[in-house]
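Just query_22.cif here, mmCIF, C-alpha atoms and all ligand atoms:
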data_work
#
loop_
_atom_site.label_atom_id
_atom_site.label_comp_id
_atom_site.auth_asym_id
_atom_site.auth_seq_id
_atom_site.Cartn_x
_atom_site.Cartn_y
_atom_site.Cartn_z
CA MET A 29 7.08 20.31 -14.42
CA PRO A 30 3.39 19.66 -13.81
CA ILE A 31 2.02 17.43 -11.06
CA ARG A 32 2.27 13.73 -11.90
CA GLU A 33 1.18 10.74 -9.90
CA ILE A 34 4.23 8.83 -8.66
CA ASN A 35 3.89 5.30 -7.34
CA PHE A 36 6.47 4.60 -4.65
CA ASP A 37 6.79 0.84 -4.23
CA GLY A 38 8.21 -0.72 -1.11
CA ILE A 39 11.16 -2.90 -2.13
CA ILE A 40 10.39 -6.29 -0.59
CA GLY A 41 12.89 -6.79 2.22
CA PRO A 42 15.29 -9.73 2.68
CA SER A 43 13.44 -10.99 5.79
CA HIS A 44 10.10 -11.53 3.94
CA ASN A 45 8.47 -14.47 5.71
CA TYR A 46 5.17 -16.14 6.50
CA ALA A 47 4.66 -15.91 10.26
CA GLY A 48 0.89 -15.41 10.09
CA LEU A 49 0.94 -12.23 12.11
CA SER A 50 -2.10 -10.36 10.79
CA LEU A 51 -5.42 -11.33 12.35
CA GLY A 52 -8.23 -10.57 9.90
CA ASN A 53 -5.90 -10.88 6.90
CA LEU A 54 -6.99 -14.27 5.59
CA ALA A 55 -3.98 -14.83 3.31
CA SER A 56 -1.55 -14.17 6.17
CA THR A 57 -3.40 -16.67 8.37
CA ARG A 58 -3.73 -19.27 5.59
CA ASN A 59 -0.01 -19.20 4.79
CA ALA A 60 1.27 -19.11 8.36
CA GLY A 61 4.28 -21.38 8.79
CA GLY A 62 4.99 -21.61 5.04
CA VAL A 63 8.40 -21.23 3.45
CA SER A 64 8.88 -17.78 1.87
CA GLN A 65 11.08 -16.82 -1.07
CA PRO A 66 12.44 -13.34 -0.36
CA ARG A 67 14.57 -13.14 -3.51
CA ALA A 68 11.74 -14.15 -5.83
CA ALA A 69 9.40 -11.84 -3.92
CA ALA A 70 11.62 -8.80 -4.36
CA LEU A 71 12.19 -9.57 -8.05
CA GLN A 72 8.41 -9.87 -8.56
CA GLY A 73 8.12 -6.42 -7.01
CA LEU A 74 10.75 -5.02 -9.39
CA ASP A 75 8.93 -6.54 -12.37
CA LYS A 76 5.74 -4.80 -11.31
CA MET A 77 7.68 -1.52 -11.28
CA ARG A 78 9.02 -2.29 -14.76
CA ALA A 79 5.44 -2.82 -15.96
CA ASN A 80 4.51 0.61 -14.55
CA LEU A 81 7.47 2.22 -16.31
CA ALA A 82 6.45 0.51 -19.54
CA LEU A 83 3.03 2.14 -19.21
CA GLY A 84 4.79 5.51 -19.09
CA LEU A 85 4.25 6.13 -15.36
CA VAL A 86 6.69 7.75 -12.96
CA GLN A 87 8.04 5.18 -10.48
CA GLY A 88 9.65 5.54 -7.08
CA VAL A 89 10.88 3.19 -4.35
CA PHE A 90 11.09 2.99 -0.58
CA VAL A 91 13.81 0.88 0.99
CA PRO A 92 13.27 -2.00 3.44
CA GLN A 93 13.57 -1.25 7.14
CA PRO A 94 16.36 -2.47 9.44
CA ARG A 95 15.52 -6.00 10.56
CA PRO A 96 15.56 -7.32 13.19
CA ALA A 97 13.85 -4.29 14.75
CA ARG A 98 16.45 -4.12 17.47
CA ALA A 99 15.40 -0.79 18.99
CA TRP A 100 11.86 -2.09 19.44
CA LEU A 101 13.08 -5.31 21.03
CA ALA A 102 15.30 -3.28 23.35
CA GLU A 103 12.25 -1.25 24.44
CA LEU A 104 10.69 -4.60 25.31
CA GLY A 105 13.78 -5.54 27.31
CA THR A 106 14.94 -8.29 25.01
CA THR A 107 17.03 -9.18 21.95
CA ILE A 108 16.41 -11.15 18.77
CA LYS A 109 18.23 -14.16 20.20
CA ALA A 110 16.54 -14.10 23.61
CA ALA A 111 13.00 -13.17 22.52
CA GLU A 112 10.32 -15.83 22.47
CA PRO A 113 9.61 -16.88 18.86
CA GLY A 114 6.36 -14.92 18.47
CA LEU A 115 8.01 -11.69 19.52
CA ALA A 116 11.04 -12.41 17.32
CA ALA A 117 8.72 -12.82 14.30
CA ASN A 118 7.22 -9.41 15.07
CA ALA A 119 10.72 -7.95 14.89
CA MET A 120 11.64 -9.73 11.63
CA SER A 121 8.60 -8.92 9.48
CA ALA A 122 9.20 -7.29 6.11
CA SER A 123 5.74 -5.73 6.27
CA ALA A 124 7.00 -2.23 5.42
CA MET A 125 6.96 -3.46 1.80
CA TRP A 126 3.25 -2.53 1.77
CA ALA A 127 3.86 1.15 1.15
CA ALA A 128 0.13 1.92 0.93
CA ASN A 129 0.29 1.74 4.72
CA ALA A 130 3.28 4.06 5.03
CA ALA A 131 1.42 7.36 5.10
CA THR A 132 -1.65 9.32 4.04
CA VAL A 133 -0.92 11.84 1.32
CA SER A 134 -2.82 15.03 0.49
CA PRO A 135 -1.47 16.61 -2.69
CA ALA A 136 -0.76 20.34 -2.77
CA PRO A 137 -3.91 21.42 -4.66
CA ASP A 138 -6.09 20.06 -1.82
CA THR A 139 -4.41 21.74 1.14
CA ALA A 140 -4.80 25.17 2.75
CA ASP A 141 -1.10 26.06 2.59
CA GLY A 142 -0.48 24.65 -0.89
CA LYS A 143 2.04 22.08 0.34
CA CYS A 144 1.82 18.34 -0.25
CA HIS A 145 1.16 16.88 3.21
CA LEU A 146 2.15 13.38 4.34
CA THR A 147 1.25 11.86 7.73
CA VAL A 148 3.15 8.70 8.59
CA ALA A 149 0.77 5.91 9.70
CA ASN A 150 1.04 4.68 13.30
CA LEU A 151 -0.11 1.14 12.35
CA ARG A 152 -0.76 0.56 16.04
CA THR A 153 -3.24 -2.34 15.71
CA MET A 154 -0.73 -5.04 14.73
CA PRO A 155 2.41 -5.38 16.85
CA HIS A 156 4.65 -6.28 13.90
CA ARG A 157 3.57 -3.09 12.09
CA SER A 158 3.44 -0.77 15.10
CA HIS A 159 7.18 -0.12 15.01
CA GLU A 160 7.39 0.66 11.29
CA TRP A 161 6.59 4.34 11.53
CA VAL A 162 9.94 5.38 13.01
CA ALA A 163 12.01 4.21 10.03
CA THR A 164 9.25 5.20 7.60
CA LEU A 165 9.21 8.75 8.95
CA ALA A 166 13.01 8.98 8.64
CA GLN A 167 12.75 7.89 5.02
CA LEU A 168 9.88 10.23 4.14
CA LYS A 169 11.85 13.13 5.57
CA VAL A 170 14.71 12.39 3.18
CA ALA A 171 12.59 11.64 0.10
CA PHE A 172 10.33 14.65 0.61
CA ALA A 173 12.77 17.13 2.15
CA ASP A 174 11.84 19.91 -0.26
CA PRO A 175 9.82 22.72 1.43
CA ALA A 176 7.00 21.96 -1.03
CA PHE A 177 6.19 19.02 1.29
CA ALA A 178 5.07 18.87 4.94
CA VAL A 179 5.90 15.51 6.54
CA HIS A 180 4.05 14.85 9.81
CA GLY A 181 4.69 12.36 12.59
CA PRO A 182 1.99 9.82 13.46
CA VAL A 183 -1.35 10.71 15.03
CA PRO A 184 -1.43 9.69 18.72
CA ALA A 185 -1.50 5.91 19.19
CA ALA A 186 -4.85 6.15 20.96
CA PHE A 187 -6.33 5.91 17.47
CA GLY A 188 -5.38 3.45 14.75
CA ASP A 189 -4.18 4.80 11.42
CA GLU A 190 -3.15 2.60 8.49
CA GLY A 191 -2.38 5.29 5.93
CA ALA A 192 -3.33 5.57 2.28
CA ALA A 193 -4.89 2.09 2.23
CA ASN A 194 -7.94 3.77 3.76
CA HIS A 195 -7.84 6.97 1.75
CA MET A 196 -8.98 7.74 -1.79
CA ARG A 197 -8.86 10.85 -3.91
CA LEU A 198 -11.16 11.81 -6.76
CA VAL A 199 -10.03 14.59 -9.05
CA GLY A 200 -10.57 15.94 -12.56
CA GLY A 201 -6.83 15.89 -13.26
CA HIS A 202 -3.95 15.31 -10.83
CA GLY A 203 -3.06 19.04 -10.81
CA ALA A 204 -6.58 20.18 -9.82
CA PRO A 205 -8.11 20.24 -6.31
CA GLY A 206 -9.69 16.92 -5.53
CA ILE A 207 -12.07 15.45 -2.99
CA GLU A 208 -10.54 13.23 -0.34
CA LEU A 209 -12.39 10.20 0.97
CA PHE A 210 -11.34 8.68 4.30
CA VAL A 211 -12.69 5.21 5.02
CA TYR A 212 -12.72 4.02 8.63
CA GLY A 213 -13.99 0.94 10.42
CA ARG A 214 -16.15 0.69 13.49
CA THR A 215 -16.59 -3.05 13.87
CA GLY A 216 -15.31 -5.99 11.88
CA GLY A 217 -17.07 -9.02 13.32
CA PRO A 218 -14.31 -11.22 14.73
CA PHE A 219 -11.59 -8.97 13.30
CA PRO A 220 -10.25 -5.59 14.41
CA ALA A 221 -11.17 -2.37 12.61
CA ARG A 222 -7.70 -0.99 11.95
CA GLN A 223 -8.58 2.54 10.81
CA HIS A 224 -10.31 4.74 13.37
CA VAL A 225 -12.41 7.75 12.39
CA GLU A 226 -10.67 9.92 14.99
CA ALA A 227 -7.34 9.31 13.24
CA SER A 228 -8.79 10.07 9.81
CA LYS A 229 -10.32 13.33 11.06
CA ALA A 230 -7.05 14.35 12.72
CA ILE A 231 -5.19 13.82 9.46
CA ALA A 232 -7.72 15.88 7.49
CA ARG A 233 -7.30 18.74 9.99
CA ARG A 234 -3.52 18.52 10.03
CA HIS A 235 -3.38 18.52 6.24
CA GLY A 236 -5.60 21.61 6.05
CA LEU A 237 -8.25 19.97 3.88
CA ASP A 238 -11.41 21.84 2.95
CA PRO A 239 -14.32 20.22 4.86
CA SER A 240 -16.60 20.75 1.88
CA ARG A 241 -14.33 18.49 -0.17
CA THR A 242 -13.66 15.83 2.49
CA LEU A 243 -15.79 12.81 3.30
CA PHE A 244 -15.55 10.22 6.09
CA ILE A 245 -17.07 6.90 5.09
CA GLU A 246 -17.67 3.85 7.24
CA GLN A 247 -16.36 0.57 5.87
CA SER A 248 -18.95 -2.20 6.18
CA GLU A 249 -18.60 -4.67 9.00
CA GLU A 250 -19.37 -7.40 6.49
CA ALA A 251 -16.34 -6.44 4.37
CA ILE A 252 -13.96 -6.42 7.34
CA ALA A 253 -15.37 -9.70 8.62
CA ALA A 254 -14.89 -11.23 5.15
CA GLY A 255 -11.18 -10.30 5.23
CA ALA A 256 -11.07 -6.70 3.90
CA PHE A 257 -8.82 -5.43 6.66
CA HIS A 258 -8.16 -2.27 4.62
CA ASN A 259 -10.50 -0.33 2.33
CA ASP A 260 -8.11 -0.83 -0.60
CA VAL A 261 -9.13 -4.49 -0.63
CA VAL A 262 -12.66 -3.48 -1.71
CA ALA A 263 -12.32 -0.07 -3.41
CA VAL A 264 -9.86 2.06 -5.39
CA ALA A 265 -10.15 5.49 -7.02
CA ASN A 266 -8.40 7.23 -9.87
CA GLU A 267 -9.22 10.62 -11.36
CA ARG A 268 -13.02 10.73 -11.73
CA VAL A 269 -13.52 6.98 -11.29
CA LEU A 270 -14.41 5.15 -8.10
CA PHE A 271 -14.16 1.38 -8.53
CA ALA A 272 -15.81 -0.36 -5.59
CA HIS A 273 -17.53 -3.52 -4.46
CA GLY A 274 -21.23 -3.15 -3.64
CA LYS A 275 -20.57 -4.26 -0.06
CA ALA A 276 -17.57 -2.01 0.60
CA PHE A 277 -19.41 0.63 2.64
CA THR A 278 -21.96 0.46 5.47
CA ASP A 279 -24.26 2.99 3.81
CA ARG A 280 -23.83 2.30 0.11
CA ASP A 281 -26.58 4.61 -1.16
CA GLY A 282 -25.76 7.51 1.17
CA THR A 283 -22.05 7.24 0.35
CA PHE A 284 -22.54 7.23 -3.41
CA ALA A 285 -25.00 10.14 -3.18
CA ALA A 286 -22.61 12.21 -1.06
CA ILE A 287 -19.74 11.55 -3.47
CA GLU A 288 -21.93 12.53 -6.45
CA ARG A 289 -22.88 15.78 -4.70
CA MET A 290 -19.26 16.64 -3.98
CA MET A 291 -17.95 15.61 -7.35
CA PRO A 292 -20.46 16.04 -10.16
CA GLY A 293 -19.33 13.89 -13.07
CA VAL A 294 -17.85 11.17 -10.88
CA GLU A 295 -18.10 7.73 -12.46
CA ILE A 296 -18.82 4.97 -9.95
CA VAL A 297 -17.95 1.55 -11.31
CA GLU A 298 -19.66 -0.75 -8.88
CA VAL A 299 -19.22 -4.52 -8.85
CA SER A 300 -22.25 -6.24 -7.37
CA ASP A 301 -22.02 -9.13 -4.96
CA SER A 302 -24.04 -11.24 -7.37
CA ASP A 303 -21.44 -10.73 -10.11
CA VAL A 304 -18.38 -11.08 -7.87
CA PRO A 305 -19.08 -12.36 -4.36
CA LEU A 306 -17.12 -10.56 -1.64
CA ALA A 307 -15.12 -13.74 -0.99
CA ASP A 308 -13.93 -13.84 -4.63
CA ALA A 309 -13.09 -10.14 -4.60
CA ILE A 310 -10.96 -10.63 -1.50
CA LYS A 311 -9.31 -13.84 -2.65
CA SER A 312 -8.41 -12.37 -6.07
CA TYR A 313 -7.71 -8.79 -4.87
CA LEU A 314 -9.62 -7.31 -7.83
CA PHE A 315 -9.81 -3.95 -6.06
CA ASN A 316 -6.26 -4.07 -4.73
CA ALA A 317 -5.16 -3.14 -8.20
CA GLN A 318 -3.41 -0.01 -9.34
CA LEU A 319 -5.97 2.03 -11.25
CA VAL A 320 -3.83 4.38 -13.31
CA THR A 321 -3.99 6.74 -16.25
CA PRO A 322 -0.96 6.27 -18.51
CA PRO A 323 0.05 9.07 -20.90
CA ASP A 324 -2.08 7.50 -23.68
CA GLY A 325 -5.16 8.26 -21.54
CA ALA A 326 -6.50 4.66 -21.45
CA MET A 327 -7.39 4.02 -17.81
CA THR A 328 -5.62 0.81 -16.82
CA LEU A 329 -6.14 -1.63 -13.98
CA VAL A 330 -2.86 -3.26 -12.93
CA ALA A 331 -4.30 -6.35 -11.27
CA PRO A 332 -2.80 -9.48 -9.74
CA THR A 333 -2.76 -12.67 -11.84
CA GLU A 334 -5.14 -14.15 -9.25
CA CYS A 335 -7.88 -12.06 -10.94
CA ARG A 336 -7.29 -13.86 -14.23
CA ASP A 337 -7.54 -17.17 -12.39
CA THR A 338 -10.79 -16.45 -10.50
CA PRO A 339 -13.68 -17.20 -12.90
CA SER A 340 -16.23 -14.67 -11.56
CA VAL A 341 -13.62 -11.91 -11.58
CA LYS A 342 -12.29 -12.77 -15.04
CA ALA A 343 -15.86 -12.80 -16.39
CA TRP A 344 -16.56 -9.37 -14.85
CA ILE A 345 -13.34 -7.94 -16.34
CA ASP A 346 -14.13 -9.32 -19.79
CA ARG A 347 -17.67 -7.90 -19.69
CA HIS A 348 -16.46 -4.51 -18.49
CA LEU A 349 -13.80 -4.23 -21.20
CA ALA A 350 -16.27 -5.32 -23.90
CA SER A 351 -18.80 -2.73 -22.70
CA ASN A 352 -16.30 0.10 -23.22
CA GLY A 353 -16.50 0.96 -19.52
CA ALA A 354 -14.31 3.42 -17.63
CA ILE A 355 -11.48 0.87 -17.30
CA ARG A 356 -10.06 0.43 -20.79
CA ARG A 357 -7.23 -1.99 -20.16
CA VAL A 358 -6.25 -4.62 -17.59
CA ALA A 359 -2.62 -5.62 -17.10
CA PHE A 360 -1.91 -8.66 -14.93
CA VAL A 361 1.16 -8.77 -12.69
CA ASP A 362 2.58 -11.66 -10.67
CA VAL A 363 3.14 -10.59 -7.07
CA ARG A 364 2.28 -13.99 -5.55
CA GLN A 365 4.88 -13.85 -2.79
CA SER A 366 3.34 -10.64 -1.47
CA MET A 367 -0.22 -11.82 -2.14
CA ALA A 368 0.39 -14.81 0.12
CA ASN A 369 0.69 -12.30 2.97
CA GLY A 370 -2.38 -10.33 1.85
CA GLY A 371 -0.55 -7.64 -0.12
CA GLY A 372 -1.58 -6.99 -3.73
CA PRO A 373 -0.26 -4.55 -6.35
CA ALA A 374 -1.95 -1.56 -4.67
CA CYS A 375 -0.70 -2.46 -1.19
CA LEU A 376 2.85 -2.36 -2.48
CA ARG A 377 2.68 1.28 -3.55
CA LEU A 378 2.15 4.72 -2.07
CA ARG A 379 0.79 7.28 -4.50
CA VAL A 380 2.17 10.79 -4.27
CA ALA A 381 0.85 13.35 -6.75
CA CYS A 382 3.52 16.03 -7.06
CA ASP A 383 6.14 17.48 -9.35
CA PRO A 384 8.72 14.65 -9.64
CA ALA A 385 11.51 17.26 -9.77
CA LEU A 386 10.79 18.03 -6.09
CA VAL A 387 11.49 14.45 -4.91
CA ASP A 388 14.97 13.33 -3.86
CA PRO A 389 16.07 11.58 -7.08
CA ARG A 390 17.58 8.65 -5.17
CA PHE A 391 14.02 7.45 -4.59
CA LEU A 392 13.06 7.54 -8.29
CA VAL A 393 13.86 4.66 -10.62
CA ASP A 394 14.26 3.95 -14.31
CA GLU A 395 14.98 0.66 -16.08
CA ALA A 396 18.74 0.95 -15.58
CA LYS A 397 18.40 1.52 -11.84
CA LEU A 398 15.98 -1.41 -11.57
CA ASP A 399 18.58 -3.58 -13.34
CA ARG A 400 21.15 -2.59 -10.71
CA LEU A 401 18.71 -3.30 -7.89
CA ALA A 402 17.89 -6.70 -9.41
CA MET A 403 21.59 -7.56 -9.37
CA THR A 404 21.93 -6.58 -5.71
CA ILE A 405 18.82 -8.56 -4.77
CA GLY A 406 19.92 -11.56 -6.84
CA LYS A 407 23.24 -11.56 -5.01
CA HIS A 408 22.19 -10.83 -1.43
CA TRP A 409 18.53 -11.73 -0.77
CA PRO A 410 17.94 -15.12 0.89
CA GLN A 411 16.31 -17.63 -1.42
CA GLU A 412 14.08 -19.13 1.25
CA ILE A 413 13.07 -18.53 4.84
CA ALA A 414 11.24 -21.13 6.90
CA ALA A 415 9.26 -20.16 9.98
CA GLY A 416 11.84 -21.69 12.29
CA ASP A 417 14.75 -19.73 10.76
CA LEU A 418 13.92 -16.27 12.09
CA GLN A 419 16.31 -16.34 15.06
CA GLN A 420 19.21 -18.05 13.30
CA SER A 421 22.43 -16.06 13.45
CA THR A 422 23.35 -16.74 9.82
CA LEU A 423 19.97 -15.55 8.55
CA ILE A 424 20.10 -12.43 10.71
CA ALA A 425 23.59 -11.59 9.43
CA ASP A 426 22.48 -12.17 5.82
CA VAL A 427 19.42 -9.91 6.24
CA ILE A 428 21.52 -7.08 7.69
CA GLU A 429 24.16 -7.44 4.99
CA ALA A 430 21.55 -7.53 2.19
CA ARG A 431 19.94 -4.29 3.29
CA SER A 432 23.33 -2.56 3.54
CA ALA A 433 24.15 -3.62 -0.02
CA LEU A 434 20.85 -2.18 -1.24
CA LEU A 435 21.35 1.13 0.56
CA GLU A 436 24.78 1.37 -1.01
CA ALA A 437 23.36 0.66 -4.48
CA LEU A 438 20.89 3.52 -3.99
CA ASP A 439 23.41 5.86 -2.36
CA LEU A 440 21.16 5.92 0.70
CA GLU A 441 23.64 4.75 3.36
CA SER A 442 22.49 7.63 5.56
CA LEU A 443 19.33 5.62 6.29
CA SER A 444 21.24 2.69 7.76
O1 LIG B 1 -0.96 -5.36 7.34
N1 LIG B 1 0.28 -8.29 5.90
C1 LIG B 1 -0.12 -6.91 5.75
C2 LIG B 1 -0.72 -6.69 4.38
C3 LIG B 1 -0.94 -5.24 4.13
C4 LIG B 1 -1.68 -5.00 2.86
N2 LIG B 1 -1.82 -3.62 2.64
C5 LIG B 1 -2.91 -3.01 2.11
N3 LIG B 1 -4.04 -3.64 1.96
N4 LIG B 1 -2.79 -1.79 1.76
C6 LIG B 1 -1.09 -6.48 6.85
O2 LIG B 1 -1.97 -7.27 7.19
C7 LIG B 1 1.35 -10.12 7.02
C8 LIG B 1 2.59 -10.37 7.80
C9 LIG B 1 2.71 -11.73 8.37
O3 LIG B 1 1.70 -12.38 8.58
O4 LIG B 1 3.84 -12.09 8.64
C10 LIG B 1 1.03 -8.67 6.94
O5 LIG B 1 1.46 -7.90 7.75
#
Once you've parsed the file, please lay out its structure as structure tokens.
Amino acid sequence: MPIREINFDGIIGPSHNYAGLSLGNLASTRNAGGVSQPRAAALQGLDKMRANLALGLVQGVFVPQPRPARAWLAELGTTIKAAEPGLAANAMSASAMWAANAATVSPAPDTADGKCHLTVANLRTMPHRSHEWVATLAQLKVAFADPAFAVHGPVPAAFGDEGAANHMRLVGGHGAPGIELFVYGRTGGPFPARQHVEASKAIARRHGLDPSRTLFIEQSEEAIAAGAFHNDVVAVANERVLFAHGKAFTDRDGTFAAIERMMPGVEIVEVSDSDVPLADAIKSYLFNAQLVTPPDGAMTLVAPTECRDTPSVKAWIDRHLASNGAIRRVAFVDVRQSMANGGGPACLRLRVACDPALVDPRFLVDEAKLDRLAMTIGKHWPQEIAAGDLQQSTLIADVIEARSALLEALDLESLS
């Protein structure tokens, strides 16, 4: 079977909550202390996957991580009951749902040894995300156990790495060699730059990428300061199309010129700040959309409903579609529960371009499997979690039980 792009979505875990843990992620800060709806959140995620299947795309899943993160708390000399509330929230986050931060992926045609390489992200900047990589790595090793893949541990924690959210690939077709673009931050005004260039360069070396087809691009301080804590909040690529905000990169002209040199025929769809101010782009998550090519060939932007509801963004979309631009279709999806923590449709998925037959089939889904997952979630996921609930024994027991039921439904008990 030829190489296809598979979107692996993180199933939204039963402990999904609004603890406001991510400095520089404006939605997370704005919604701190709110009441979350884990069941509705996870079902929204499944509906997004159904929409992808309906487009004719191949869809995969990653499972939620064990919460509370007991091993991490033990390393800190405490337990979920004894920890002070801030620490407990860091151990109860469902943030692994944002699979774009799970790993960086270099498909086989780009690498020296012809394997598809994955490096798990260390996520070391935010405490609640810094412990994700252990369970993520375990899962990647099962999903991508075939020798056609090389799954790497994290780069040393001296350097921050946030995975595919800061990585883009441009390519003529998914089976051909592409160019890989790594976007890093240097400064972010009051907010941390979460992707360090040293980490990006280490990944490119480890994956055996060709330096003449690899570019390291600095994300603009203005974008990070405005709330673009990852590049995928201001840019996304698919095939020969780069869709980006005019203020995404520090050196806009130099970046576009370098990309054009490396990839003649690239189509850069730039949205100017005068058409869509950075603040609107970040609030609506226009660029945190899945830019995909369904089998009918009509490039489609799977965007959050917030884009439809933001006038400048809606006007830009309407003009672009009417002009017969590179993006031919826009499909809106409701992922509001995730959006309220700063995670749009693109955050929720990790793209892996490979032959689907090489992936452990337990991680691939069709409509029937999604129906089964919806039943499990409907039965076991808590309906609501308030900020003060995170250390309650009943909630903790429910969260543990819910994840076990899901692993059983997927025949993935070995990950428990
Ligand atoms: O790391 N939010 C995530 C959102 C990640 C979005 N991913 C991409 N852009 N690819 C983050 O900031 C909020 C959790 C909280 O506040 O409880 C959070 O972790």
List the neighbours of Ile405 in chain A out to 12 Å using all atoms listed in the file; skip same-chain residues closer than 6 positions along the sequence, and give me the result as number ranges by chain. A: 39-42, 65-74, 92, 398-399, 411, 426-427, 429-435, 437
What residues have any atom no more than 7 Å from ligand LIG 1 (chain B) when counting only C-alpha atoms and all ligand atoms, and can you list them as a ChimeraX atom specification? /A:45-50,53,56-57,60,121,123,126,128-129,157,193,257-258,260-261,369-372,374-375
Okay, now the selection with C-alpha atoms, as a CSV table (one decimal), in the frame of the given file?
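Below is the file that was written, result.csv:
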chain,number,residue,atom,x,y,z
A,45,ASN,CA,8.5,-14.5,5.7
A,46,TYR,CA,5.2,-16.1,6.5
A,47,ALA,CA,4.7,-15.9,10.3
A,48,GLY,CA,0.9,-15.4,10.1
A,49,LEU,CA,0.9,-12.2,12.1
A,50,SER,CA,-2.1,-10.4,10.8
A,53,ASN,CA,-5.9,-10.9,6.9
A,56,SER,CA,-1.6,-14.2,6.2
A,57,THR,CA,-3.4,-16.7,8.4
A,60,ALA,CA,1.3,-19.1,8.4
A,121,SER,CA,8.6,-8.9,9.5
A,123,SER,CA,5.7,-5.7,6.3
A,126,TRP,CA,3.2,-2.5,1.8
A,128,ALA,CA,0.1,1.9,0.9
A,129,ASN,CA,0.3,1.7,4.7
A,157,ARG,CA,3.6,-3.1,12.1
A,193,ALA,CA,-4.9,2.1,2.2
A,257,PHE,CA,-8.8,-5.4,6.7
A,258,HIS,CA,-8.2,-2.3,4.6
A,260,ASP,CA,-8.1,-0.8,-0.6
A,261,VAL,CA,-9.1,-4.5,-0.6
A,369,ASN,CA,0.7,-12.3,3.0
A,370,GLY,CA,-2.4,-10.3,1.8
A,371,GLY,CA,-0.6,-7.6,-0.1
A,372,GLY,CA,-1.6,-7.0,-3.7
A,374,ALA,CA,-2.0,-1.6,-4.7
A,375,CYS,CA,-0.7,-2.5,-1.2
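Taking CA of Gly84 in chain A and CA of Pro323 in chain A as the two end points, the separation is 6.2 Å.
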Shell around range 186-190 of chain A at 6 Å using all atoms listed in the file, local window under 2 positions removed, as a ChimeraX atom specification: /A:129,149-152,184,222-224,227
Residues within 7 Å of (3.8, 7.0, -12.0), counting all atoms listed in the file, listed as a ChimeraX atom specification: /A:32-35,80,85-87
Could you check which of A:His44, A:Leu314, A:Lys169, A:Phe391 is closest to Val63 in chain A, using all atoms listed in the file?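 Of the candidates, the smallest distance to Val63 in chain A is held by A:His44.
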Can you pull out every residue within 12 Å of Ser228 in chain A, counting all atoms listed in the file, but drop anything in the same chain fewer than 4 positions away, and send it as a ChimeraX atom specification? /A:131-133,147,149-150,182-184,187-196,208-213,222-224,232-235,237,242-246
Generate the coordinates of N, CA and C atoms for range 348-360 of chain A; report them as a PDB file, in the frame of the given file.
ATOM      1  N   HIS A 348     -16.695  -5.954 -18.631  1.00  0.00           N
ATOM      2  CA  HIS A 348     -16.460  -4.510 -18.490  1.00  0.00           C
ATOM      3  C   HIS A 348     -15.657  -3.983 -19.686  1.00  0.00           C
ATOM      4  N   LEU A 349     -14.624  -4.695 -20.077  1.00  0.00           N
ATOM      5  CA  LEU A 349     -13.800  -4.230 -21.200  1.00  0.00           C
ATOM      6  C   LEU A 349     -14.633  -4.212 -22.494  1.00  0.00           C
ATOM      7  N   ALA A 350     -15.462  -5.247 -22.670  1.00  0.00           N
ATOM      8  CA  ALA A 350     -16.270  -5.320 -23.900  1.00  0.00           C
ATOM      9  C   ALA A 350     -17.325  -4.211 -23.935  1.00  0.00           C
ATOM     10  N   SER A 351     -17.740  -3.746 -22.748  1.00  0.00           N
ATOM     11  CA  SER A 351     -18.800  -2.730 -22.700  1.00  0.00           C
ATOM     12  C   SER A 351     -18.233  -1.315 -22.873  1.00  0.00           C
ATOM     13  N   ASN A 352     -16.915  -1.220 -23.092  1.00  0.00           N
ATOM     14  CA  ASN A 352     -16.300   0.100 -23.220  1.00  0.00           C
ATOM     15  C   ASN A 352     -16.474   0.932 -21.952  1.00  0.00           C
ATOM     16  N   GLY A 353     -16.338   0.297 -20.815  1.00  0.00           N
ATOM     17  CA  GLY A 353     -16.500   0.960 -19.520  1.00  0.00           C
ATOM     18  C   GLY A 353     -15.326   1.876 -19.213  1.00  0.00           C
ATOM     19  N   ALA A 354     -15.331   2.434 -18.004  1.00  0.00           N
ATOM     20  CA  ALA A 354     -14.310   3.420 -17.630  1.00  0.00           C
ATOM     21  C   ALA A 354     -12.901   2.808 -17.659  1.00  0.00           C
ATOM     22  N   ILE A 355     -12.795   1.538 -17.288  1.00  0.00           N
ATOM     23  CA  ILE A 355     -11.480   0.870 -17.300  1.00  0.00           C
ATOM     24  C   ILE A 355     -11.274   0.294 -18.707  1.00  0.00           C
ATOM     25  N   ARG A 356     -10.243   0.785 -19.369  1.00  0.00           N
ATOM     26  CA  ARG A 356     -10.060   0.430 -20.790  1.00  0.00           C
ATOM     27  C   ARG A 356      -9.107  -0.735 -20.997  1.00  0.00           C
ATOM     28  N   ARG A 357      -8.283  -1.003 -19.962  1.00  0.00           N
ATOM     29  CA  ARG A 357      -7.230  -1.990 -20.160  1.00  0.00           C
ATOM     30  C   ARG A 357      -6.950  -2.649 -18.820  1.00  0.00           C
ATOM     31  N   VAL A 358      -6.651  -3.941 -18.825  1.00  0.00           N
ATOM     32  CA  VAL A 358      -6.250  -4.620 -17.590  1.00  0.00           C
ATOM     33  C   VAL A 358      -4.900  -5.286 -17.843  1.00  0.00           C
ATOM     34  N   ALA A 359      -3.945  -4.991 -16.984  1.00  0.00           N
ATOM     35  CA  ALA A 359      -2.620  -5.620 -17.100  1.00  0.00           C
ATOM     36  C   ALA A 359      -2.438  -6.499 -15.861  1.00  0.00           C
ATOM     37  N   PHE A 360      -2.078  -7.750 -16.071  1.00  0.00           N
ATOM     38  CA  PHE A 360      -1.910  -8.660 -14.930  1.00  0.00           C
ATOM     39  C   PHE A 360      -0.439  -8.716 -14.516  1.00  0.00           C
TER      40      PHE A 360
END
